[in-house]
$ cat coords-v2.cif   # mmCIF, N, CA and C atoms
data_my_file
loop_
_atom_site.label_atom_id
_atom_site.label_comp_id
_atom_site.auth_asym_id
_atom_site.auth_seq_id
_atom_site.Cartn_x
_atom_site.Cartn_y
_atom_site.Cartn_z
N MET A 128 96.11 -14.46 27.44
CA MET A 128 96.05 -15.03 28.77
C MET A 128 94.63 -15.50 29.09
N TYR A 129 93.64 -14.69 28.69
CA TYR A 129 92.25 -15.04 28.92
C TYR A 129 91.91 -16.37 28.26
N GLN A 130 92.43 -16.61 27.07
CA GLN A 130 92.14 -17.85 26.35
C GLN A 130 92.74 -19.06 27.05
N VAL A 131 93.88 -18.89 27.69
CA VAL A 131 94.51 -19.99 28.44
C VAL A 131 93.63 -20.37 29.62
N PHE A 132 93.15 -19.36 30.37
CA PHE A 132 92.27 -19.64 31.51
C PHE A 132 90.95 -20.25 31.05
N LEU A 133 90.42 -19.78 29.94
CA LEU A 133 89.19 -20.34 29.41
C LEU A 133 89.37 -21.79 29.01
N ALA A 134 90.48 -22.12 28.33
CA ALA A 134 90.76 -23.50 27.93
C ALA A 134 90.95 -24.39 29.15
N PHE A 135 91.66 -23.89 30.17
CA PHE A 135 91.87 -24.66 31.39
C PHE A 135 90.55 -24.91 32.11
N GLY A 136 89.70 -23.89 32.18
CA GLY A 136 88.39 -24.04 32.83
C GLY A 136 87.50 -25.03 32.10
N MET A 137 87.53 -25.00 30.77
CA MET A 137 86.71 -25.96 30.01
C MET A 137 87.22 -27.38 30.19
N ALA A 138 88.52 -27.57 30.22
CA ALA A 138 89.08 -28.91 30.42
C ALA A 138 88.73 -29.43 31.81
N LEU A 139 88.78 -28.56 32.79
CA LEU A 139 88.42 -28.97 34.15
C LEU A 139 86.94 -29.29 34.26
N ALA A 140 86.09 -28.53 33.60
CA ALA A 140 84.65 -28.78 33.63
C ALA A 140 84.30 -30.10 32.96
N LEU A 141 85.02 -30.48 31.93
CA LEU A 141 84.76 -31.76 31.28
C LEU A 141 85.22 -32.93 32.12
N ALA A 142 86.23 -32.73 32.95
CA ALA A 142 86.76 -33.81 33.78
C ALA A 142 85.94 -34.03 35.05
N LEU A 143 85.18 -33.04 35.50
CA LEU A 143 84.43 -33.18 36.75
C LEU A 143 83.44 -34.34 36.76
N PRO A 144 82.64 -34.57 35.71
CA PRO A 144 81.72 -35.71 35.77
C PRO A 144 82.41 -37.06 35.88
N ALA A 145 83.66 -37.15 35.51
CA ALA A 145 84.38 -38.42 35.60
C ALA A 145 84.66 -38.80 37.05
N TRP A 146 84.67 -37.84 37.99
CA TRP A 146 84.91 -38.16 39.39
C TRP A 146 83.70 -38.80 40.04
N ALA A 147 82.52 -38.55 39.54
CA ALA A 147 81.31 -39.14 40.11
C ALA A 147 81.16 -40.58 39.62
N PHE A 148 80.39 -41.35 40.34
CA PHE A 148 80.13 -42.73 39.94
C PHE A 148 78.64 -42.97 39.97
N PRO A 149 78.16 -43.90 39.14
CA PRO A 149 76.72 -44.15 39.10
C PRO A 149 76.24 -44.89 40.35
N VAL A 150 75.04 -44.56 40.77
CA VAL A 150 74.41 -45.19 41.93
C VAL A 150 73.07 -45.75 41.46
N ASP A 151 72.90 -47.06 41.60
CA ASP A 151 71.65 -47.72 41.24
C ASP A 151 70.89 -48.05 42.52
N VAL A 152 69.62 -47.68 42.58
CA VAL A 152 68.80 -47.93 43.76
C VAL A 152 67.65 -48.84 43.38
N GLN A 153 67.45 -49.88 44.21
CA GLN A 153 66.34 -50.81 43.99
C GLN A 153 65.56 -50.92 45.30
N ILE A 154 64.25 -50.64 45.23
CA ILE A 154 63.39 -50.70 46.41
C ILE A 154 62.53 -51.95 46.32
N GLN A 155 62.57 -52.77 47.39
CA GLN A 155 61.78 -54.00 47.42
C GLN A 155 60.94 -54.01 48.69
N PRO A 156 59.72 -54.37 48.68
CA PRO A 156 58.84 -54.46 47.52
C PRO A 156 58.51 -53.06 47.00
N ALA A 157 58.15 -53.00 45.75
CA ALA A 157 57.95 -51.73 45.06
C ALA A 157 56.64 -51.04 45.46
N GLU A 158 55.80 -51.68 46.26
CA GLU A 158 54.51 -51.09 46.61
C GLU A 158 54.61 -49.96 47.63
N PHE A 159 55.74 -49.84 48.33
CA PHE A 159 55.90 -48.76 49.31
C PHE A 159 56.26 -47.47 48.60
N ASP A 160 55.74 -46.36 49.13
CA ASP A 160 56.00 -45.04 48.56
C ASP A 160 57.12 -44.38 49.36
N ILE A 161 58.34 -44.52 48.84
CA ILE A 161 59.54 -43.98 49.49
C ILE A 161 60.26 -43.11 48.48
N ALA A 162 60.56 -41.87 48.86
CA ALA A 162 61.36 -40.98 48.01
C ALA A 162 62.83 -41.20 48.37
N VAL A 163 63.66 -41.32 47.33
CA VAL A 163 65.07 -41.64 47.54
C VAL A 163 65.94 -40.64 46.79
N GLY A 164 66.97 -40.14 47.47
CA GLY A 164 67.98 -39.29 46.86
C GLY A 164 69.34 -39.84 47.20
N THR A 165 70.29 -39.73 46.28
CA THR A 165 71.62 -40.30 46.52
C THR A 165 72.70 -39.22 46.48
N VAL A 166 73.79 -39.49 47.19
CA VAL A 166 74.96 -38.62 47.22
C VAL A 166 76.18 -39.51 47.08
N ASP A 167 77.13 -39.09 46.24
CA ASP A 167 78.37 -39.84 46.11
C ASP A 167 79.55 -38.88 46.21
N GLN A 168 80.50 -39.22 47.08
CA GLN A 168 81.69 -38.40 47.27
C GLN A 168 82.87 -39.33 47.50
N ALA A 169 83.90 -39.19 46.68
CA ALA A 169 85.14 -39.97 46.81
C ALA A 169 84.80 -41.44 47.03
N ASN A 170 85.04 -41.97 48.23
CA ASN A 170 84.76 -43.38 48.51
C ASN A 170 83.57 -43.56 49.45
N MET A 171 82.63 -42.64 49.42
CA MET A 171 81.46 -42.74 50.27
C MET A 171 80.19 -42.58 49.44
N ALA A 172 79.21 -43.40 49.75
CA ALA A 172 77.89 -43.28 49.11
C ALA A 172 76.86 -43.13 50.23
N ALA A 173 75.86 -42.30 49.97
CA ALA A 173 74.79 -42.08 50.96
C ALA A 173 73.45 -42.04 50.25
N VAL A 174 72.42 -42.44 50.96
CA VAL A 174 71.06 -42.39 50.42
C VAL A 174 70.17 -41.68 51.44
N LEU A 175 69.38 -40.72 50.96
CA LEU A 175 68.43 -39.98 51.78
C LEU A 175 67.05 -40.54 51.47
N MET A 176 66.40 -41.10 52.49
CA MET A 176 65.11 -41.75 52.30
C MET A 176 64.02 -40.98 53.05
N THR A 177 62.88 -40.77 52.38
CA THR A 177 61.73 -40.11 52.98
C THR A 177 60.52 -41.01 52.79
N SER A 178 59.84 -41.33 53.88
CA SER A 178 58.67 -42.19 53.81
C SER A 178 57.43 -41.35 53.54
N ARG A 179 56.64 -41.78 52.57
CA ARG A 179 55.36 -41.15 52.28
C ARG A 179 54.20 -42.05 52.69
N GLU A 180 54.51 -43.08 53.43
CA GLU A 180 53.49 -44.02 53.91
C GLU A 180 52.87 -43.49 55.20
N SER A 181 51.72 -44.05 55.58
CA SER A 181 51.05 -43.64 56.82
C SER A 181 51.48 -44.49 58.01
N ALA A 182 52.24 -45.56 57.74
CA ALA A 182 52.69 -46.45 58.81
C ALA A 182 54.21 -46.40 58.92
N VAL A 183 54.71 -46.87 60.05
CA VAL A 183 56.16 -46.93 60.27
C VAL A 183 56.73 -48.10 59.49
N LEU A 184 57.86 -47.89 58.81
CA LEU A 184 58.51 -48.93 58.01
C LEU A 184 59.84 -49.31 58.63
N ASP A 185 60.10 -50.62 58.71
CA ASP A 185 61.42 -51.13 59.11
C ASP A 185 62.14 -51.52 57.84
N CYS A 186 63.30 -50.90 57.61
CA CYS A 186 64.02 -51.13 56.34
C CYS A 186 65.43 -51.61 56.58
N ARG A 187 65.90 -52.42 55.66
CA ARG A 187 67.30 -52.85 55.59
C ARG A 187 67.88 -52.26 54.31
N VAL A 188 69.01 -51.59 54.43
CA VAL A 188 69.67 -50.96 53.30
C VAL A 188 71.03 -51.62 53.13
N ALA A 189 71.33 -52.11 51.91
CA ALA A 189 72.61 -52.76 51.63
C ALA A 189 73.29 -52.04 50.47
N PHE A 190 74.55 -51.67 50.67
CA PHE A 190 75.37 -51.03 49.65
C PHE A 190 76.31 -52.08 49.07
N VAL A 191 76.34 -52.24 47.75
CA VAL A 191 77.20 -53.23 47.10
C VAL A 191 78.15 -52.50 46.17
N ASN A 192 79.46 -52.71 46.39
CA ASN A 192 80.49 -52.12 45.55
C ASN A 192 81.46 -53.23 45.17
N GLY A 193 81.21 -53.87 44.05
CA GLY A 193 82.13 -54.89 43.54
C GLY A 193 82.40 -56.01 44.52
N PRO A 194 83.68 -56.27 44.81
CA PRO A 194 84.01 -57.44 45.63
C PRO A 194 83.82 -57.26 47.13
N GLU A 195 83.57 -56.04 47.58
CA GLU A 195 83.40 -55.84 49.02
C GLU A 195 82.10 -56.46 49.50
N ARG A 196 82.13 -56.99 50.69
CA ARG A 196 80.97 -57.64 51.26
C ARG A 196 79.98 -56.58 51.75
N PRO A 197 78.71 -56.66 51.32
CA PRO A 197 77.73 -55.65 51.76
C PRO A 197 77.38 -55.83 53.24
N VAL A 198 77.34 -54.73 53.94
CA VAL A 198 76.94 -54.73 55.34
C VAL A 198 75.56 -54.10 55.43
N PRO A 199 74.53 -54.89 55.80
CA PRO A 199 73.18 -54.31 55.84
C PRO A 199 73.03 -53.34 57.01
N ARG A 200 72.33 -52.26 56.76
CA ARG A 200 72.02 -51.25 57.79
C ARG A 200 70.52 -51.33 58.05
N HIS A 201 70.14 -51.29 59.32
CA HIS A 201 68.73 -51.34 59.70
C HIS A 201 68.29 -49.97 60.18
N ILE A 202 67.18 -49.47 59.61
CA ILE A 202 66.63 -48.18 60.03
C ILE A 202 65.12 -48.28 60.15
N THR A 203 64.54 -47.35 60.89
CA THR A 203 63.10 -47.25 61.03
C THR A 203 62.68 -45.92 60.41
N LEU A 204 61.80 -46.01 59.40
CA LEU A 204 61.31 -44.81 58.72
C LEU A 204 59.93 -44.46 59.27
N HIS A 205 59.83 -43.29 59.88
CA HIS A 205 58.54 -42.81 60.37
C HIS A 205 57.88 -42.00 59.25
N PRO A 206 56.54 -41.93 59.24
CA PRO A 206 55.84 -41.20 58.18
C PRO A 206 56.28 -39.74 58.09
N GLY A 207 56.67 -39.32 56.88
CA GLY A 207 57.06 -37.94 56.64
C GLY A 207 58.44 -37.55 57.12
N LYS A 208 59.17 -38.46 57.72
CA LYS A 208 60.50 -38.15 58.25
C LYS A 208 61.57 -38.59 57.25
N GLN A 209 62.74 -37.97 57.35
CA GLN A 209 63.87 -38.30 56.49
C GLN A 209 64.95 -39.01 57.30
N GLU A 210 65.60 -39.97 56.66
CA GLU A 210 66.72 -40.68 57.27
C GLU A 210 67.85 -40.75 56.25
N VAL A 211 69.08 -40.62 56.72
CA VAL A 211 70.25 -40.72 55.86
C VAL A 211 71.03 -41.96 56.28
N VAL A 212 71.36 -42.78 55.28
CA VAL A 212 72.18 -43.97 55.51
C VAL A 212 73.39 -43.86 54.60
N SER A 213 74.59 -44.07 55.18
CA SER A 213 75.80 -43.92 54.37
C SER A 213 76.72 -45.12 54.56
N GLN A 214 77.63 -45.27 53.61
CA GLN A 214 78.60 -46.36 53.64
C GLN A 214 79.91 -45.85 53.07
N PHE A 215 81.01 -46.08 53.78
CA PHE A 215 82.34 -45.73 53.30
C PHE A 215 82.99 -46.99 52.76
N PHE A 216 83.60 -46.90 51.59
CA PHE A 216 84.24 -48.05 50.96
C PHE A 216 85.76 -47.89 50.99
N ARG A 217 86.47 -48.99 51.17
CA ARG A 217 87.93 -48.95 51.21
C ARG A 217 88.57 -48.97 49.84
N ARG A 218 87.84 -49.43 48.86
CA ARG A 218 88.38 -49.53 47.50
C ARG A 218 87.77 -48.46 46.61
N ALA A 219 88.38 -48.27 45.45
CA ALA A 219 87.85 -47.31 44.49
C ALA A 219 86.46 -47.76 44.02
N ILE A 220 85.59 -46.81 43.80
CA ILE A 220 84.21 -47.12 43.44
C ILE A 220 84.00 -46.90 41.95
N ASN A 221 83.45 -47.91 41.27
CA ASN A 221 83.06 -47.77 39.88
C ASN A 221 81.56 -47.59 39.77
N ARG A 222 80.82 -48.36 40.55
CA ARG A 222 79.36 -48.31 40.57
C ARG A 222 78.89 -48.86 41.92
N VAL A 223 77.86 -48.24 42.47
CA VAL A 223 77.28 -48.70 43.73
C VAL A 223 75.85 -49.11 43.47
N ARG A 224 75.49 -50.28 43.98
CA ARG A 224 74.12 -50.76 43.91
C ARG A 224 73.56 -50.74 45.34
N ILE A 225 72.45 -50.04 45.52
CA ILE A 225 71.82 -49.93 46.83
C ILE A 225 70.49 -50.67 46.77
N THR A 226 70.31 -51.62 47.69
CA THR A 226 69.07 -52.37 47.79
C THR A 226 68.36 -51.98 49.07
N ILE A 227 67.12 -51.56 48.96
CA ILE A 227 66.31 -51.16 50.11
C ILE A 227 65.17 -52.15 50.23
N ASP A 228 65.11 -52.84 51.36
CA ASP A 228 64.08 -53.86 51.59
C ASP A 228 63.30 -53.44 52.83
N CYS A 229 62.01 -53.09 52.65
CA CYS A 229 61.18 -52.59 53.74
C CYS A 229 60.04 -53.54 54.09
N GLU A 230 59.63 -53.48 55.32
CA GLU A 230 58.49 -54.29 55.80
C GLU A 230 57.51 -53.38 56.50
#
$ encode --input "coords-v2.cif" --output "structure tokens"
Amino acid sequence: MYQVFLAFGMALALALPAWAFPVDVQIQPAEFDIAVGTVDQANMAAVLMTSRESAVLDCRVAFVNGPERPVPRHITLHPGKQEVVSQFFRRAINRVRITIDCE
């Protein structure tokens, strides 16, 4: 019985990474010092941004998932503060490309 549970647990552990999808992040222009972390769950992608700059940054964040039209989000990043931007998609996600454009 123990071997059955062990085999089932190993099969489930191998299948877990297949539920996640890759997230590509591109920051433009690259001269700004912004720390970025991503989260992906089912049909939602989120990005956690932390500004390491000394000035306030105005950023536009666009999530691209295949044929869906990207909706840009506008946020203001204050020095040392964290902001979370998320996007829910109606279709299945294979890969998400996130473009961050700051001024």
$ atom_distance --input "coords-v2.cif" --atom1 "atom CA of A:Gly164" --atom2 "atom CA of A:Val150"
10.0 Å
$ residues_around --input "coords-v2.cif" --residues "A:Leu175" --least-positions-apart "3" --cutoff "8 Å" --atoms "all atoms listed in the file" --output "number ranges by chain"
A: 161-166, 172, 178, 209-213
$ resolve_selection --input "coords-v2.cif" --expression "the PyMOL selection byres ((chain A and resi 193-198) around 8)" --output "ChimeraX atom specification"
/A:187-192,199-201,217-218,220-224
$ write_last_selection --input "coords-v2.cif" --atoms "N, CA and C atoms" --output "PDB file, keeping the file's coordinate frame"
ATOM      1  N   ARG A 187      65.900 -52.420  55.660  1.00  0.00           N
ATOM      2  CA  ARG A 187      67.300 -52.850  55.590  1.00  0.00           C
ATOM      3  C   ARG A 187      67.880 -52.260  54.310  1.00  0.00           C
ATOM      4  N   VAL A 188      69.010 -51.590  54.430  1.00  0.00           N
ATOM      5  CA  VAL A 188      69.670 -50.960  53.300  1.00  0.00           C
ATOM      6  C   VAL A 188      71.030 -51.620  53.130  1.00  0.00           C
ATOM      7  N   ALA A 189      71.330 -52.110  51.910  1.00  0.00           N
ATOM      8  CA  ALA A 189      72.610 -52.760  51.630  1.00  0.00           C
ATOM      9  C   ALA A 189      73.290 -52.040  50.470  1.00  0.00           C
ATOM     10  N   PHE A 190      74.550 -51.670  50.670  1.00  0.00           N
ATOM     11  CA  PHE A 190      75.370 -51.030  49.650  1.00  0.00           C
ATOM     12  C   PHE A 190      76.310 -52.080  49.070  1.00  0.00           C
ATOM     13  N   VAL A 191      76.340 -52.240  47.750  1.00  0.00           N
ATOM     14  CA  VAL A 191      77.200 -53.230  47.100  1.00  0.00           C
ATOM     15  C   VAL A 191      78.150 -52.500  46.170  1.00  0.00           C
ATOM     16  N   ASN A 192      79.460 -52.710  46.390  1.00  0.00           N
ATOM     17  CA  ASN A 192      80.490 -52.120  45.550  1.00  0.00           C
ATOM     18  C   ASN A 192      81.460 -53.230  45.170  1.00  0.00           C
ATOM     19  N   PRO A 199      74.530 -54.890  55.800  1.00  0.00           N
ATOM     20  CA  PRO A 199      73.180 -54.310  55.840  1.00  0.00           C
ATOM     21  C   PRO A 199      73.030 -53.340  57.010  1.00  0.00           C
ATOM     22  N   ARG A 200      72.330 -52.260  56.760  1.00  0.00           N
ATOM     23  CA  ARG A 200      72.020 -51.250  57.790  1.00  0.00           C
ATOM     24  C   ARG A 200      70.520 -51.330  58.050  1.00  0.00           C
ATOM     25  N   HIS A 201      70.140 -51.290  59.320  1.00  0.00           N
ATOM     26  CA  HIS A 201      68.730 -51.340  59.700  1.00  0.00           C
ATOM     27  C   HIS A 201      68.290 -49.970  60.180  1.00  0.00           C
ATOM     28  N   ARG A 217      86.470 -48.990  51.170  1.00  0.00           N
ATOM     29  CA  ARG A 217      87.930 -48.950  51.210  1.00  0.00           C
ATOM     30  C   ARG A 217      88.570 -48.970  49.840  1.00  0.00           C
ATOM     31  N   ARG A 218      87.840 -49.430  48.860  1.00  0.00           N
ATOM     32  CA  ARG A 218      88.380 -49.530  47.500  1.00  0.00           C
ATOM     33  C   ARG A 218      87.770 -48.460  46.610  1.00  0.00           C
ATOM     34  N   ILE A 220      85.590 -46.810  43.800  1.00  0.00           N
ATOM     35  CA  ILE A 220      84.210 -47.120  43.440  1.00  0.00           C
ATOM     36  C   ILE A 220      84.000 -46.900  41.950  1.00  0.00           C
ATOM     37  N   ASN A 221      83.450 -47.910  41.270  1.00  0.00           N
ATOM     38  CA  ASN A 221      83.060 -47.770  39.880  1.00  0.00           C
ATOM     39  C   ASN A 221      81.560 -47.590  39.770  1.00  0.00           C
ATOM     40  N   ARG A 222      80.820 -48.360  40.550  1.00  0.00           N
ATOM     41  CA  ARG A 222      79.360 -48.310  40.570  1.00  0.00           C
ATOM     42  C   ARG A 222      78.890 -48.860  41.920  1.00  0.00           C
ATOM     43  N   VAL A 223      77.860 -48.240  42.470  1.00  0.00           N
ATOM     44  CA  VAL A 223      77.280 -48.700  43.730  1.00  0.00           C
ATOM     45  C   VAL A 223      75.850 -49.110  43.470  1.00  0.00           C
ATOM     46  N   ARG A 224      75.490 -50.280  43.980  1.00  0.00           N
ATOM     47  CA  ARG A 224      74.120 -50.760  43.910  1.00  0.00           C
ATOM     48  C   ARG A 224      73.560 -50.740  45.340  1.00  0.00           C
TER      49      ARG A 224
END
$ closest_residue --input "coords-v2.cif" --among "A:Ile202, A:Gly207, A:Ile227, A:Pro156" --to "A:Thr177" --atoms "only C-alpha atoms"
A:Gly207
$ atom_distance --input "coords-v2.cif" --atom1 "atom CA of A:Gln155" --atom2 "atom CA of A:Ala169"
27.3 Å
$ atom_distance --input "coords-v2.cif" --atom1 "atom CA of A:Glu180" --atom2 "atom CA of A:Gln214"
25.2 Å
$ closest_residue --input "coords-v2.cif" --among "A:Ile225, A:Met176, A:Cys186, A:Met171" --to "A:Asp151" --atoms "only C-alpha atoms"
A:Ile225
$ select_by_dssp --input "coords-v2.cif" --residues "chain A" --states "alpha helix (DSSP H)" --output "list in words"
Tyr129, Gln130, Val131, Phe132, Leu133, Ala134, Phe135, Gly136, Met137, Ala138, Leu139, Ala140, Leu141, Ala142, Leu143, Pro144, Ala145 and Trp146 of chain A
$ select_by_dssp --input "coords-v2.cif" --residues "chain A" --states "strand (DSSP E or B)" --output "ChimeraX atom specification"
/A:150-155,161-168,171-178,184-191,200-204,209-215,223-229
$ write_last_selection --input "coords-v2.cif" --atoms "N, CA and C atoms" --output "compact mmCIF listing (two decimals), keeping the file's coordinate frame"
# COMPACT_ATOMS: atom_id res chain seq x y z
N VAL A 150 75.04 -44.56 40.77
CA VAL A 150 74.41 -45.19 41.93
C VAL A 150 73.07 -45.75 41.46
N ASP A 151 72.90 -47.06 41.60
CA ASP A 151 71.65 -47.72 41.24
C ASP A 151 70.89 -48.05 42.52
N VAL A 152 69.62 -47.68 42.58
CA VAL A 152 68.80 -47.93 43.76
C VAL A 152 67.65 -48.84 43.38
N GLN A 153 67.45 -49.88 44.21
CA GLN A 153 66.34 -50.81 43.99
C GLN A 153 65.56 -50.92 45.30
N ILE A 154 64.25 -50.64 45.23
CA ILE A 154 63.39 -50.70 46.41
C ILE A 154 62.53 -51.95 46.32
N GLN A 155 62.57 -52.77 47.39
CA GLN A 155 61.78 -54.00 47.42
C GLN A 155 60.94 -54.01 48.69
N ILE A 161 58.34 -44.52 48.84
CA ILE A 161 59.54 -43.98 49.49
C ILE A 161 60.26 -43.11 48.48
N ALA A 162 60.56 -41.87 48.86
CA ALA A 162 61.36 -40.98 48.01
C ALA A 162 62.83 -41.20 48.37
N VAL A 163 63.66 -41.32 47.33
CA VAL A 163 65.07 -41.64 47.54
C VAL A 163 65.94 -40.64 46.79
N GLY A 164 66.97 -40.14 47.47
CA GLY A 164 67.98 -39.29 46.86
C GLY A 164 69.34 -39.84 47.20
N THR A 165 70.29 -39.73 46.28
CA THR A 165 71.62 -40.30 46.52
C THR A 165 72.70 -39.22 46.48
N VAL A 166 73.79 -39.49 47.19
CA VAL A 166 74.96 -38.62 47.22
C VAL A 166 76.18 -39.51 47.08
N ASP A 167 77.13 -39.09 46.24
CA ASP A 167 78.37 -39.84 46.11
C ASP A 167 79.55 -38.88 46.21
N GLN A 168 80.50 -39.22 47.08
CA GLN A 168 81.69 -38.40 47.27
C GLN A 168 82.87 -39.33 47.50
N MET A 171 82.63 -42.64 49.42
CA MET A 171 81.46 -42.74 50.27
C MET A 171 80.19 -42.58 49.44
N ALA A 172 79.21 -43.40 49.75
CA ALA A 172 77.89 -43.28 49.11
C ALA A 172 76.86 -43.13 50.23
N ALA A 173 75.86 -42.30 49.97
CA ALA A 173 74.79 -42.08 50.96
C ALA A 173 73.45 -42.04 50.25
N VAL A 174 72.42 -42.44 50.96
CA VAL A 174 71.06 -42.39 50.42
C VAL A 174 70.17 -41.68 51.44
N LEU A 175 69.38 -40.72 50.96
CA LEU A 175 68.43 -39.98 51.78
C LEU A 175 67.05 -40.54 51.47
N MET A 176 66.40 -41.10 52.49
CA MET A 176 65.11 -41.75 52.30
C MET A 176 64.02 -40.98 53.05
N THR A 177 62.88 -40.77 52.38
CA THR A 177 61.73 -40.11 52.98
C THR A 177 60.52 -41.01 52.79
N SER A 178 59.84 -41.33 53.88
CA SER A 178 58.67 -42.19 53.81
C SER A 178 57.43 -41.35 53.54
N LEU A 184 57.86 -47.89 58.81
CA LEU A 184 58.51 -48.93 58.01
C LEU A 184 59.84 -49.31 58.63
N ASP A 185 60.10 -50.62 58.71
CA ASP A 185 61.42 -51.13 59.11
C ASP A 185 62.14 -51.52 57.84
N CYS A 186 63.30 -50.90 57.61
CA CYS A 186 64.02 -51.13 56.34
C CYS A 186 65.43 -51.61 56.58
N ARG A 187 65.90 -52.42 55.66
CA ARG A 187 67.30 -52.85 55.59
C ARG A 187 67.88 -52.26 54.31
N VAL A 188 69.01 -51.59 54.43
CA VAL A 188 69.67 -50.96 53.30
C VAL A 188 71.03 -51.62 53.13
N ALA A 189 71.33 -52.11 51.91
CA ALA A 189 72.61 -52.76 51.63
C ALA A 189 73.29 -52.04 50.47
N PHE A 190 74.55 -51.67 50.67
CA PHE A 190 75.37 -51.03 49.65
C PHE A 190 76.31 -52.08 49.07
N VAL A 191 76.34 -52.24 47.75
CA VAL A 191 77.20 -53.23 47.10
C VAL A 191 78.15 -52.50 46.17
N ARG A 200 72.33 -52.26 56.76
CA ARG A 200 72.02 -51.25 57.79
C ARG A 200 70.52 -51.33 58.05
N HIS A 201 70.14 -51.29 59.32
CA HIS A 201 68.73 -51.34 59.70
C HIS A 201 68.29 -49.97 60.18
N ILE A 202 67.18 -49.47 59.61
CA ILE A 202 66.63 -48.18 60.03
C ILE A 202 65.12 -48.28 60.15
N THR A 203 64.54 -47.35 60.89
CA THR A 203 63.10 -47.25 61.03
C THR A 203 62.68 -45.92 60.41
N LEU A 204 61.80 -46.01 59.40
CA LEU A 204 61.31 -44.81 58.72
C LEU A 204 59.93 -44.46 59.27
N GLN A 209 62.74 -37.97 57.35
CA GLN A 209 63.87 -38.30 56.49
C GLN A 209 64.95 -39.01 57.30
N GLU A 210 65.60 -39.97 56.66
CA GLU A 210 66.72 -40.68 57.27
C GLU A 210 67.85 -40.75 56.25
N VAL A 211 69.08 -40.62 56.72
CA VAL A 211 70.25 -40.72 55.86
C VAL A 211 71.03 -41.96 56.28
N VAL A 212 71.36 -42.78 55.28
CA VAL A 212 72.18 -43.97 55.51
C VAL A 212 73.39 -43.86 54.60
N SER A 213 74.59 -44.07 55.18
CA SER A 213 75.80 -43.92 54.37
C SER A 213 76.72 -45.12 54.56
N GLN A 214 77.63 -45.27 53.61
CA GLN A 214 78.60 -46.36 53.64
C GLN A 214 79.91 -45.85 53.07
N PHE A 215 81.01 -46.08 53.78
CA PHE A 215 82.34 -45.73 53.30
C PHE A 215 82.99 -46.99 52.76
N VAL A 223 77.86 -48.24 42.47
CA VAL A 223 77.28 -48.70 43.73
C VAL A 223 75.85 -49.11 43.47
N ARG A 224 75.49 -50.28 43.98
CA ARG A 224 74.12 -50.76 43.91
C ARG A 224 73.56 -50.74 45.34
N ILE A 225 72.45 -50.04 45.52
CA ILE A 225 71.82 -49.93 46.83
C ILE A 225 70.49 -50.67 46.77
N THR A 226 70.31 -51.62 47.69
CA THR A 226 69.07 -52.37 47.79
C THR A 226 68.36 -51.98 49.07
N ILE A 227 67.12 -51.56 48.96
CA ILE A 227 66.31 -51.16 50.11
C ILE A 227 65.17 -52.15 50.23
N ASP A 228 65.11 -52.84 51.36
CA ASP A 228 64.08 -53.86 51.59
C ASP A 228 63.30 -53.44 52.83
N CYS A 229 62.01 -53.09 52.65
CA CYS A 229 61.18 -52.59 53.74
C CYS A 229 60.04 -53.54 54.09
$ residues_near_point --input "coords-v2.cif" --point "(60.4, -49.1, 61.2)" --cutoff "5 Å" --atoms "only N, CA and C atoms" --output "PDB file with N, CA and C atoms, in the coordinates of the input"
ATOM      1  N   VAL A 183      54.710 -46.870  60.050  1.00  0.00           N
ATOM      2  CA  VAL A 183      56.160 -46.930  60.270  1.00  0.00           C
ATOM      3  C   VAL A 183      56.730 -48.100  59.490  1.00  0.00           C
ATOM      4  N   LEU A 184      57.860 -47.890  58.810  1.00  0.00           N
ATOM      5  CA  LEU A 184      58.510 -48.930  58.010  1.00  0.00           C
ATOM      6  C   LEU A 184      59.840 -49.310  58.630  1.00  0.00           C
ATOM      7  N   ASP A 185      60.100 -50.620  58.710  1.00  0.00           N
ATOM      8  CA  ASP A 185      61.420 -51.130  59.110  1.00  0.00           C
ATOM      9  C   ASP A 185      62.140 -51.520  57.840  1.00  0.00           C
ATOM     10  N   CYS A 186      63.300 -50.900  57.610  1.00  0.00           N
ATOM     11  CA  CYS A 186      64.020 -51.130  56.340  1.00  0.00           C
ATOM     12  C   CYS A 186      65.430 -51.610  56.580  1.00  0.00           C
ATOM     13  N   ILE A 202      67.180 -49.470  59.610  1.00  0.00           N
ATOM     14  CA  ILE A 202      66.630 -48.180  60.030  1.00  0.00           C
ATOM     15  C   ILE A 202      65.120 -48.280  60.150  1.00  0.00           C
ATOM     16  N   THR A 203      64.540 -47.350  60.890  1.00  0.00           N
ATOM     17  CA  THR A 203      63.100 -47.250  61.030  1.00  0.00           C
ATOM     18  C   THR A 203      62.680 -45.920  60.410  1.00  0.00           C
ATOM     19  N   LEU A 204      61.800 -46.010  59.400  1.00  0.00           N
ATOM     20  CA  LEU A 204      61.310 -44.810  58.720  1.00  0.00           C
ATOM     21  C   LEU A 204      59.930 -44.460  59.270  1.00  0.00           C
TER      22      LEU A 204
END
